[in-house]
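Okay, coords.txt is below, compact mmCIF, N, CA, C and O atoms and all ligand atoms:
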# COMPACT_ATOMS: atom_id res chain seq x y z
N MET A 739 8.78 -17.32 3.61
CA MET A 739 9.69 -18.30 3.02
C MET A 739 9.83 -18.02 1.53
O MET A 739 8.84 -17.85 0.83
N GLU A 740 11.07 -18.04 1.09
CA GLU A 740 11.33 -17.70 -0.31
C GLU A 740 10.60 -18.61 -1.29
O GLU A 740 10.08 -18.16 -2.31
N TRP A 741 10.53 -19.92 -0.96
CA TRP A 741 9.94 -20.85 -1.93
C TRP A 741 8.46 -20.56 -2.17
O TRP A 741 7.92 -20.87 -3.21
N VAL A 742 7.79 -19.97 -1.19
CA VAL A 742 6.37 -19.65 -1.40
C VAL A 742 6.20 -18.19 -1.81
O VAL A 742 5.28 -17.83 -2.52
N GLU A 743 7.13 -17.35 -1.37
CA GLU A 743 7.02 -15.92 -1.68
C GLU A 743 7.14 -15.67 -3.18
O GLU A 743 6.36 -14.92 -3.76
N LEU A 744 8.12 -16.31 -3.80
CA LEU A 744 8.34 -16.05 -5.22
C LEU A 744 7.14 -16.45 -6.08
O LEU A 744 6.60 -15.62 -6.81
N PRO A 745 6.67 -17.70 -5.98
CA PRO A 745 5.54 -18.06 -6.83
C PRO A 745 4.23 -17.39 -6.42
O PRO A 745 3.45 -16.97 -7.28
N ASN A 746 3.99 -17.26 -5.12
CA ASN A 746 2.69 -16.73 -4.70
C ASN A 746 2.64 -15.22 -4.71
O ASN A 746 1.77 -14.62 -5.33
N VAL A 747 3.58 -14.59 -4.02
CA VAL A 747 3.51 -13.14 -3.90
C VAL A 747 3.84 -12.47 -5.24
O VAL A 747 3.10 -11.61 -5.71
N LEU A 748 4.93 -12.88 -5.85
CA LEU A 748 5.29 -12.24 -7.12
C LEU A 748 4.56 -12.87 -8.30
O LEU A 748 4.00 -12.17 -9.13
N GLY A 749 4.57 -14.20 -8.35
CA GLY A 749 3.94 -14.87 -9.50
C GLY A 749 2.46 -14.60 -9.59
O GLY A 749 1.95 -14.19 -10.63
N MET A 750 1.73 -14.78 -8.48
CA MET A 750 0.28 -14.60 -8.54
C MET A 750 -0.10 -13.13 -8.58
O MET A 750 -0.91 -12.71 -9.40
N SER A 751 0.49 -12.35 -7.70
CA SER A 751 0.02 -10.96 -7.60
C SER A 751 0.40 -10.15 -8.83
O SER A 751 -0.34 -9.29 -9.28
N GLN A 752 1.55 -10.43 -9.41
CA GLN A 752 1.99 -9.64 -10.57
C GLN A 752 1.72 -10.37 -11.89
O GLN A 752 2.00 -9.85 -12.94
N HIS A 753 1.17 -11.59 -11.80
CA HIS A 753 0.98 -12.41 -13.00
C HIS A 753 2.32 -12.53 -13.74
O HIS A 753 2.38 -12.59 -14.97
N ALA A 754 3.40 -12.55 -12.92
CA ALA A 754 4.74 -12.49 -13.49
C ALA A 754 5.15 -13.80 -14.14
O ALA A 754 6.10 -13.83 -14.92
N ASP A 755 4.42 -14.88 -13.84
CA ASP A 755 4.76 -16.14 -14.49
C ASP A 755 4.03 -16.31 -15.82
O ASP A 755 4.09 -17.37 -16.45
N GLY A 756 3.32 -15.25 -16.21
CA GLY A 756 2.64 -15.30 -17.51
C GLY A 756 1.48 -16.28 -17.54
O GLY A 756 1.01 -16.65 -18.61
N GLY A 757 1.03 -16.73 -16.39
CA GLY A 757 -0.11 -17.63 -16.35
C GLY A 757 0.26 -19.10 -16.26
O GLY A 757 -0.60 -19.97 -16.36
N HIS A 758 1.54 -19.42 -16.03
CA HIS A 758 1.94 -20.83 -15.95
C HIS A 758 1.48 -21.48 -14.66
O HIS A 758 1.10 -22.64 -14.64
N MET A 759 1.53 -20.73 -13.54
CA MET A 759 1.11 -21.31 -12.26
C MET A 759 -0.27 -20.82 -11.84
O MET A 759 -1.07 -21.58 -11.33
N ALA A 760 -0.56 -19.56 -12.04
CA ALA A 760 -1.86 -19.02 -11.67
C ALA A 760 -2.67 -18.86 -12.95
O ALA A 760 -2.16 -18.44 -13.98
N SER A 761 -3.95 -19.20 -12.87
CA SER A 761 -4.76 -19.16 -14.08
C SER A 761 -5.21 -17.75 -14.43
O SER A 761 -5.74 -17.52 -15.51
N LYS A 762 -5.03 -16.82 -13.50
CA LYS A 762 -5.37 -15.43 -13.81
C LYS A 762 -4.60 -14.52 -12.88
O LYS A 762 -4.14 -14.96 -11.81
N PRO A 763 -4.47 -13.24 -13.23
CA PRO A 763 -3.84 -12.29 -12.29
C PRO A 763 -4.66 -12.22 -11.01
O PRO A 763 -5.89 -12.24 -11.05
N TYR A 764 -3.98 -12.16 -9.89
CA TYR A 764 -4.66 -12.12 -8.59
C TYR A 764 -5.02 -10.67 -8.27
O TYR A 764 -4.39 -10.04 -7.44
N ILE A 765 -6.03 -10.18 -8.93
CA ILE A 765 -6.43 -8.79 -8.76
C ILE A 765 -7.76 -8.74 -8.00
O ILE A 765 -8.54 -9.68 -8.06
N ALA A 766 -7.97 -7.65 -7.28
CA ALA A 766 -9.20 -7.52 -6.52
C ALA A 766 -9.62 -6.06 -6.45
O ALA A 766 -8.79 -5.17 -6.32
N SER A 767 -10.89 -5.84 -6.55
CA SER A 767 -11.43 -4.49 -6.38
C SER A 767 -11.70 -4.24 -4.90
O SER A 767 -11.64 -5.16 -4.08
N GLY A 768 -12.05 -3.03 -4.58
CA GLY A 768 -12.44 -2.70 -3.22
C GLY A 768 -13.66 -3.51 -2.77
O GLY A 768 -13.78 -3.87 -1.60
N LYS A 769 -14.56 -3.81 -3.70
CA LYS A 769 -15.75 -4.59 -3.35
C LYS A 769 -15.37 -5.98 -2.84
O LYS A 769 -15.97 -6.50 -1.92
N TYR A 770 -14.34 -6.56 -3.46
CA TYR A 770 -13.89 -7.88 -3.03
C TYR A 770 -13.25 -7.79 -1.64
O TYR A 770 -13.49 -8.62 -0.77
N ILE A 771 -12.45 -6.76 -1.45
CA ILE A 771 -11.82 -6.55 -0.13
C ILE A 771 -12.89 -6.35 0.93
O ILE A 771 -12.81 -6.89 2.03
N GLN A 772 -13.93 -5.62 0.57
CA GLN A 772 -15.05 -5.41 1.51
C GLN A 772 -15.73 -6.74 1.86
O GLN A 772 -16.05 -7.00 3.02
N ARG A 773 -15.92 -7.57 0.84
CA ARG A 773 -16.60 -8.85 1.06
C ARG A 773 -15.76 -9.79 1.92
O ARG A 773 -16.27 -10.56 2.71
N MET A 774 -14.45 -9.73 1.76
CA MET A 774 -13.57 -10.69 2.41
C MET A 774 -12.96 -10.20 3.73
O MET A 774 -12.18 -10.91 4.35
N SER A 775 -13.27 -8.97 4.13
CA SER A 775 -12.66 -8.43 5.34
C SER A 775 -13.60 -7.44 6.01
O SER A 775 -14.70 -7.18 5.52
N ASN A 776 -13.12 -6.85 7.11
CA ASN A 776 -13.89 -5.77 7.72
C ASN A 776 -13.15 -4.44 7.59
O ASN A 776 -13.45 -3.48 8.28
N TYR A 777 -12.17 -4.39 6.69
CA TYR A 777 -11.36 -3.18 6.54
C TYR A 777 -12.18 -1.96 6.11
O TYR A 777 -11.89 -0.83 6.49
N CYS A 778 -13.18 -2.18 5.28
CA CYS A 778 -13.86 -1.04 4.65
C CYS A 778 -14.87 -0.35 5.58
O CYS A 778 -15.29 0.78 5.29
N ALA A 779 -15.22 -1.03 6.67
CA ALA A 779 -16.28 -0.50 7.53
C ALA A 779 -15.97 0.91 8.03
O ALA A 779 -16.85 1.77 8.04
N GLY A 780 -14.74 1.17 8.41
CA GLY A 780 -14.41 2.49 8.94
C GLY A 780 -13.64 3.36 7.96
O GLY A 780 -13.06 4.36 8.36
N CYS A 781 -13.63 2.98 6.71
CA CYS A 781 -12.82 3.70 5.72
C CYS A 781 -13.58 4.88 5.12
O CYS A 781 -14.79 4.82 4.95
N ARG A 782 -12.84 5.92 4.79
CA ARG A 782 -13.51 7.09 4.20
C ARG A 782 -13.84 6.88 2.73
O ARG A 782 -14.59 7.65 2.14
N TYR A 783 -13.26 5.83 2.12
CA TYR A 783 -13.56 5.57 0.70
C TYR A 783 -14.75 4.62 0.56
O TYR A 783 -15.09 3.88 1.48
N ARG A 784 -15.31 4.62 -0.64
CA ARG A 784 -16.44 3.74 -0.94
C ARG A 784 -15.98 2.65 -1.91
O ARG A 784 -15.64 2.95 -3.06
N PRO A 785 -15.97 1.40 -1.45
CA PRO A 785 -15.42 0.33 -2.28
C PRO A 785 -16.19 0.08 -3.57
O PRO A 785 -15.66 -0.52 -4.51
N ASP A 786 -17.41 0.56 -3.66
CA ASP A 786 -18.20 0.35 -4.89
C ASP A 786 -17.93 1.42 -5.94
O ASP A 786 -18.48 1.36 -7.03
N ARG A 787 -17.11 2.39 -5.63
CA ARG A 787 -16.87 3.49 -6.58
C ARG A 787 -15.45 3.49 -7.11
O ARG A 787 -14.49 3.48 -6.34
N ALA A 788 -15.33 3.56 -8.44
CA ALA A 788 -14.01 3.66 -9.09
C ALA A 788 -13.65 5.11 -9.39
O ALA A 788 -12.47 5.45 -9.52
N VAL A 789 -14.66 5.94 -9.53
CA VAL A 789 -14.45 7.36 -9.80
C VAL A 789 -15.46 8.17 -9.00
O VAL A 789 -16.42 7.62 -8.46
N GLY A 790 -15.25 9.46 -8.95
CA GLY A 790 -16.19 10.33 -8.24
C GLY A 790 -15.85 10.44 -6.77
O GLY A 790 -14.85 9.88 -6.30
N PRO A 791 -16.71 11.16 -6.03
CA PRO A 791 -16.44 11.39 -4.61
C PRO A 791 -16.30 10.09 -3.83
O PRO A 791 -17.13 9.19 -3.96
N GLY A 792 -15.24 9.98 -3.05
CA GLY A 792 -15.04 8.80 -2.21
C GLY A 792 -14.62 7.55 -2.96
O GLY A 792 -14.66 6.45 -2.40
N ALA A 793 -14.20 7.68 -4.21
CA ALA A 793 -13.83 6.49 -4.98
C ALA A 793 -12.69 5.74 -4.29
O ALA A 793 -11.70 6.34 -3.87
N CYS A 794 -12.84 4.43 -4.19
CA CYS A 794 -11.83 3.58 -3.55
C CYS A 794 -10.65 3.38 -4.51
O CYS A 794 -10.85 2.96 -5.66
N PRO A 795 -9.44 3.65 -4.06
CA PRO A 795 -8.29 3.50 -4.97
C PRO A 795 -8.10 2.07 -5.47
O PRO A 795 -7.65 1.87 -6.59
N TYR A 796 -8.44 1.08 -4.68
CA TYR A 796 -8.31 -0.31 -5.14
C TYR A 796 -9.28 -0.58 -6.29
O TYR A 796 -8.95 -1.28 -7.25
N THR A 797 -10.48 -0.04 -6.17
CA THR A 797 -11.47 -0.25 -7.23
C THR A 797 -11.04 0.48 -8.50
O THR A 797 -11.15 -0.06 -9.61
N THR A 798 -10.52 1.68 -8.35
CA THR A 798 -10.02 2.43 -9.51
C THR A 798 -8.91 1.64 -10.21
O THR A 798 -8.95 1.44 -11.43
N LEU A 799 -7.94 1.18 -9.43
CA LEU A 799 -6.79 0.48 -10.03
C LEU A 799 -7.19 -0.87 -10.60
O LEU A 799 -6.61 -1.33 -11.59
N TYR A 800 -8.19 -1.50 -10.02
CA TYR A 800 -8.69 -2.77 -10.55
C TYR A 800 -9.22 -2.58 -11.97
O TYR A 800 -8.83 -3.29 -12.90
N TRP A 801 -10.09 -1.58 -12.13
CA TRP A 801 -10.67 -1.35 -13.46
C TRP A 801 -9.63 -0.80 -14.43
O TRP A 801 -9.66 -1.10 -15.62
N ALA A 802 -8.70 -0.02 -13.91
CA ALA A 802 -7.64 0.51 -14.79
C ALA A 802 -6.75 -0.62 -15.31
O ALA A 802 -6.30 -0.60 -16.46
N PHE A 803 -6.50 -1.60 -14.46
CA PHE A 803 -5.70 -2.76 -14.90
C PHE A 803 -6.42 -3.50 -16.01
O PHE A 803 -5.83 -3.84 -17.05
N LEU A 804 -7.72 -3.76 -15.80
CA LEU A 804 -8.48 -4.46 -16.83
C LEU A 804 -8.55 -3.64 -18.11
O LEU A 804 -8.48 -4.18 -19.22
N ASP A 805 -8.68 -2.34 -17.96
CA ASP A 805 -8.71 -1.45 -19.13
C ASP A 805 -7.40 -1.55 -19.91
O ASP A 805 -7.40 -1.66 -21.13
N ARG A 806 -6.30 -1.55 -19.18
CA ARG A 806 -4.98 -1.59 -19.81
C ARG A 806 -4.74 -2.92 -20.53
O ARG A 806 -4.05 -2.98 -21.53
N HIS A 807 -5.32 -3.99 -19.99
CA HIS A 807 -5.06 -5.33 -20.54
C HIS A 807 -6.31 -5.96 -21.15
O HIS A 807 -6.38 -7.19 -21.27
N ALA A 808 -7.25 -5.14 -21.54
CA ALA A 808 -8.54 -5.66 -22.05
C ALA A 808 -8.34 -6.60 -23.24
O ALA A 808 -8.98 -7.66 -23.31
N GLU A 809 -7.47 -6.23 -24.13
CA GLU A 809 -7.24 -7.05 -25.32
C GLU A 809 -6.76 -8.45 -24.93
O GLU A 809 -7.23 -9.45 -25.44
N ARG A 810 -5.84 -8.48 -24.00
CA ARG A 810 -5.25 -9.75 -23.57
C ARG A 810 -6.25 -10.66 -22.86
O ARG A 810 -6.23 -11.88 -23.01
N PHE A 811 -7.16 -10.05 -22.06
CA PHE A 811 -8.04 -10.86 -21.23
C PHE A 811 -9.48 -10.95 -21.73
O PHE A 811 -10.31 -11.57 -21.08
N ARG A 812 -9.78 -10.38 -22.88
CA ARG A 812 -11.16 -10.36 -23.38
C ARG A 812 -11.73 -11.78 -23.51
O ARG A 812 -12.88 -12.03 -23.18
N LEU A 813 -10.92 -12.72 -23.95
CA LEU A 813 -11.41 -14.09 -24.16
C LEU A 813 -10.96 -15.04 -23.04
O LEU A 813 -11.16 -16.24 -23.14
N HIS A 814 -10.41 -14.47 -21.97
CA HIS A 814 -9.94 -15.29 -20.86
C HIS A 814 -11.14 -15.92 -20.15
O HIS A 814 -12.11 -15.23 -19.85
N PRO A 815 -11.08 -17.24 -19.86
CA PRO A 815 -12.24 -17.89 -19.24
C PRO A 815 -12.62 -17.33 -17.87
O PRO A 815 -13.78 -17.39 -17.47
N ARG A 816 -11.67 -16.79 -17.12
CA ARG A 816 -11.99 -16.31 -15.78
C ARG A 816 -12.07 -14.79 -15.68
O ARG A 816 -12.56 -14.26 -14.69
N LEU A 817 -11.57 -14.08 -16.67
CA LEU A 817 -11.60 -12.61 -16.60
C LEU A 817 -12.42 -11.97 -17.72
O LEU A 817 -12.70 -10.78 -17.67
N GLY A 818 -12.79 -12.77 -18.71
CA GLY A 818 -13.51 -12.23 -19.87
C GLY A 818 -14.77 -11.48 -19.47
O GLY A 818 -15.07 -10.42 -20.02
N GLN A 819 -15.51 -12.03 -18.51
CA GLN A 819 -16.76 -11.38 -18.09
C GLN A 819 -16.49 -9.99 -17.52
O GLN A 819 -17.22 -9.04 -17.78
N GLN A 820 -15.42 -9.86 -16.74
CA GLN A 820 -15.10 -8.56 -16.17
C GLN A 820 -14.68 -7.57 -17.25
O GLN A 820 -15.01 -6.38 -17.17
N VAL A 821 -13.98 -8.05 -18.26
CA VAL A 821 -13.61 -7.17 -19.37
C VAL A 821 -14.87 -6.71 -20.10
O VAL A 821 -15.01 -5.54 -20.46
N ARG A 822 -15.82 -7.63 -20.27
CA ARG A 822 -17.08 -7.24 -20.92
C ARG A 822 -17.84 -6.23 -20.06
O ARG A 822 -18.46 -5.30 -20.58
N ASN A 823 -17.80 -6.40 -18.74
CA ASN A 823 -18.43 -5.40 -17.86
C ASN A 823 -17.76 -4.04 -18.03
O ASN A 823 -18.43 -3.00 -18.09
N LEU A 824 -16.45 -4.06 -18.11
CA LEU A 824 -15.70 -2.81 -18.33
C LEU A 824 -16.12 -2.17 -19.66
O LEU A 824 -16.34 -0.96 -19.73
N GLU A 825 -16.25 -2.98 -20.68
CA GLU A 825 -16.55 -2.45 -22.01
C GLU A 825 -17.98 -1.94 -22.13
O GLU A 825 -18.31 -1.24 -23.08
N ARG A 826 -18.82 -2.27 -21.15
CA ARG A 826 -20.17 -1.71 -21.13
C ARG A 826 -20.19 -0.31 -20.51
O ARG A 826 -21.17 0.40 -20.61
N MET A 827 -19.09 0.08 -19.86
CA MET A 827 -19.03 1.43 -19.27
C MET A 827 -18.90 2.45 -20.39
O MET A 827 -18.24 2.20 -21.39
N PRO A 828 -19.49 3.64 -20.20
CA PRO A 828 -19.28 4.71 -21.18
C PRO A 828 -17.78 5.06 -21.27
O PRO A 828 -17.07 5.00 -20.26
N GLU A 829 -17.34 5.44 -22.46
CA GLU A 829 -15.92 5.76 -22.67
C GLU A 829 -15.47 6.89 -21.72
O GLU A 829 -14.34 6.87 -21.24
N ALA A 830 -16.36 7.84 -21.46
CA ALA A 830 -15.98 8.94 -20.56
C ALA A 830 -15.63 8.41 -19.17
O ALA A 830 -14.70 8.90 -18.52
N GLN A 831 -16.36 7.40 -18.71
CA GLN A 831 -16.08 6.81 -17.40
C GLN A 831 -14.75 6.05 -17.42
O GLN A 831 -13.96 6.13 -16.48
N ARG A 832 -14.50 5.34 -18.52
CA ARG A 832 -13.22 4.62 -18.62
C ARG A 832 -12.06 5.61 -18.64
O ARG A 832 -11.01 5.37 -18.04
N ALA A 833 -12.25 6.72 -19.33
CA ALA A 833 -11.20 7.74 -19.38
C ALA A 833 -10.95 8.31 -17.99
O ALA A 833 -9.81 8.56 -17.58
N GLU A 834 -12.03 8.50 -17.25
CA GLU A 834 -11.91 9.04 -15.88
C GLU A 834 -11.16 8.04 -14.98
O GLU A 834 -10.36 8.43 -14.14
N ILE A 835 -11.44 6.76 -15.17
CA ILE A 835 -10.74 5.71 -14.40
C ILE A 835 -9.25 5.76 -14.70
O ILE A 835 -8.41 5.73 -13.80
N ARG A 836 -8.90 5.85 -15.99
CA ARG A 836 -7.47 5.90 -16.37
C ARG A 836 -6.80 7.12 -15.75
O ARG A 836 -5.68 7.04 -15.22
N GLN A 837 -7.50 8.25 -15.79
CA GLN A 837 -6.94 9.50 -15.26
C GLN A 837 -6.74 9.41 -13.75
O GLN A 837 -5.69 9.78 -13.22
N ARG A 838 -7.74 8.88 -13.06
CA ARG A 838 -7.62 8.76 -11.60
C ARG A 838 -6.54 7.74 -11.23
O ARG A 838 -5.81 7.94 -10.25
N ALA A 839 -6.41 6.68 -11.99
CA ALA A 839 -5.37 5.68 -11.73
C ALA A 839 -3.99 6.32 -11.88
O ALA A 839 -3.08 6.04 -11.09
N ASP A 840 -3.82 7.19 -12.87
CA ASP A 840 -2.54 7.89 -13.04
C ASP A 840 -2.23 8.74 -11.81
O ASP A 840 -1.09 8.78 -11.35
N VAL A 841 -3.24 9.41 -11.29
CA VAL A 841 -3.05 10.26 -10.10
C VAL A 841 -2.66 9.40 -8.90
O VAL A 841 -1.74 9.74 -8.15
N ILE A 842 -3.34 8.27 -8.74
CA ILE A 842 -3.02 7.37 -7.61
C ILE A 842 -1.58 6.87 -7.73
O ILE A 842 -0.81 6.90 -6.77
N ARG A 843 -1.21 6.40 -8.92
CA ARG A 843 0.15 5.86 -9.12
C ARG A 843 1.20 6.95 -8.88
O ARG A 843 2.26 6.68 -8.32
N ALA A 844 0.91 8.17 -9.30
CA ALA A 844 1.86 9.26 -9.12
C ALA A 844 2.11 9.55 -7.65
O ALA A 844 3.17 10.05 -7.27
N GLY A 845 1.13 9.22 -6.81
CA GLY A 845 1.27 9.47 -5.38
C GLY A 845 1.96 8.34 -4.64
O GLY A 845 2.21 8.46 -3.44
N LEU A 846 2.27 7.23 -5.33
CA LEU A 846 2.94 6.10 -4.68
C LEU A 846 4.43 6.32 -4.65
O LEU A 846 4.97 6.99 -5.54
N PRO A 847 5.12 5.73 -3.67
CA PRO A 847 6.58 5.83 -3.67
C PRO A 847 7.12 5.26 -4.98
O PRO A 847 6.64 4.25 -5.47
N GLN A 848 8.13 5.90 -5.53
CA GLN A 848 8.64 5.50 -6.83
C GLN A 848 9.79 4.50 -6.77
O GLN A 848 10.26 4.05 -7.80
N ASP A 849 10.26 4.14 -5.58
CA ASP A 849 11.37 3.16 -5.52
C ASP A 849 11.01 2.00 -4.63
O ASP A 849 9.97 1.90 -4.10
S1 LIG B 901 -9.35 1.87 0.49
FE1 LIG B 901 -11.06 0.75 -0.49
S2 LIG B 901 -10.61 -1.43 -0.13
FE2 LIG B 901 -9.32 -0.26 1.30
S3 LIG B 901 -10.55 -0.14 3.20
FE3 LIG B 901 -11.00 1.70 1.99
S4 LIG B 901 -12.84 1.20 0.79
FE4 LIG B 901 -11.96 -0.74 1.53
This entry written out as structure tokens:
Amino acid sequence: MEWVELPNVLGMSQHADGGHMASKPYIASGKYIQRMSNYCAGCRYRPDRAVGPGACPYTTLYWAFLDRHAERFRLHPRLGQQVRNLERMPEAQRAEIRQRADVIRAGLPQD
């Protein structure tokens, strides 16, 4: 239904409403998907890894999103802790996350 699709699917998932309806971007790592579903049980990726062998693309993109928007969300009441966790990672690991996220995005359909 359009009335729920626009605010929930676009507004929440893309944080497209700028935070007016959702208090934070509806983002999730592979670890969260693993906790909330049984999808990861037979998957070749490892939901706990953002980089390295078997890194889960959802986990990579989750940390890459936080990396890209760290300034904006550093003091956010619901995301600040995750930004601080990100900032505890060595810079080399953050760079690897950004690089892998670029590779993942490049492999997505462009239209
Ligand atoms: S890609 Fe990641 S989140 Fe999706 S099933 Fe595999 S391990 Fe789980």
Worksheet item: If we count all atoms listed in the file, what is near region 741-748 of chain A at a cut-off of 8 Å, once residues fewer than 5 positions away on the same chain are taken out, given as a list in words?
Response: His753, Ala754, Asp755, Gly756, Met759, Ala760 and Tyr764 of chain A
Worksheet entry | Non-local contacts of Pro795 (chain A) (8 Å; all atoms listed in the file; under 2 positions in same chain excluded) as a ChimeraX atom specification | /A:766-768,783-785,787-789,792-793,797-802,838-839,842
Discussion item. Nearest residue to ligand LIG 901 (chain B) out of A:Arg812, A:His758, A:Arg826, A:Arg773, using all atoms listed in the file?
Written reply: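 Checking each of A:Arg812, A:His758, A:Arg826, A:Arg773 against ligand LIG 901 (chain B), counting all atoms listed in the file, the winner is A:Arg773.
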Discussion item. Which residue is closest to Gln752 (chain A)? Choose from A:Phe803, A:Glu834, A:Val841, A:Cys781 and count only C-alpha atoms.
Written reply: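 Under the stated criterion, the closest residue is A:Phe803.
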Discussion item. My list of candidates is A:Gln848, A:Gln831, A:Gln772, A:Gln820. Which is closest to ligand LIG 901 (chain B) when distances are computed with all atoms listed in the file?
Written reply: A:Gln772
Fill in: For atom S1 of ligand LIG 901 (chain B) and CA of Arg836 (chain A), the interatomic separation in Å (one decimal)
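Answer for the atom S1 of ligand LIG 901 (chain B) to CA of Arg836 (chain A) separation: 17.4 Å.
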Worksheet item: In Å, how far is it from CA of Ser775 (chain A) to atom O of Arg822 (chain A)?
Response: 26.7 Å
Practice prompt. State, in Å with one decimal place, the distance from CA of Ile771 (chain A) to CA of Gly757 (chain A).
Written response: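 So the two atoms, CA of Ile771 (chain A) and CA of Gly757 (chain A), lie 22.9 Å apart.
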Worksheet item: Closest to ligand LIG 901 (chain B) among A:Met774, A:Ala808, A:Pro847, A:His814, using only C-alpha atoms and all ligand atoms?
Response: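 Checking each candidate against ligand LIG 901 (chain B), we get A:Met774 as the closest.
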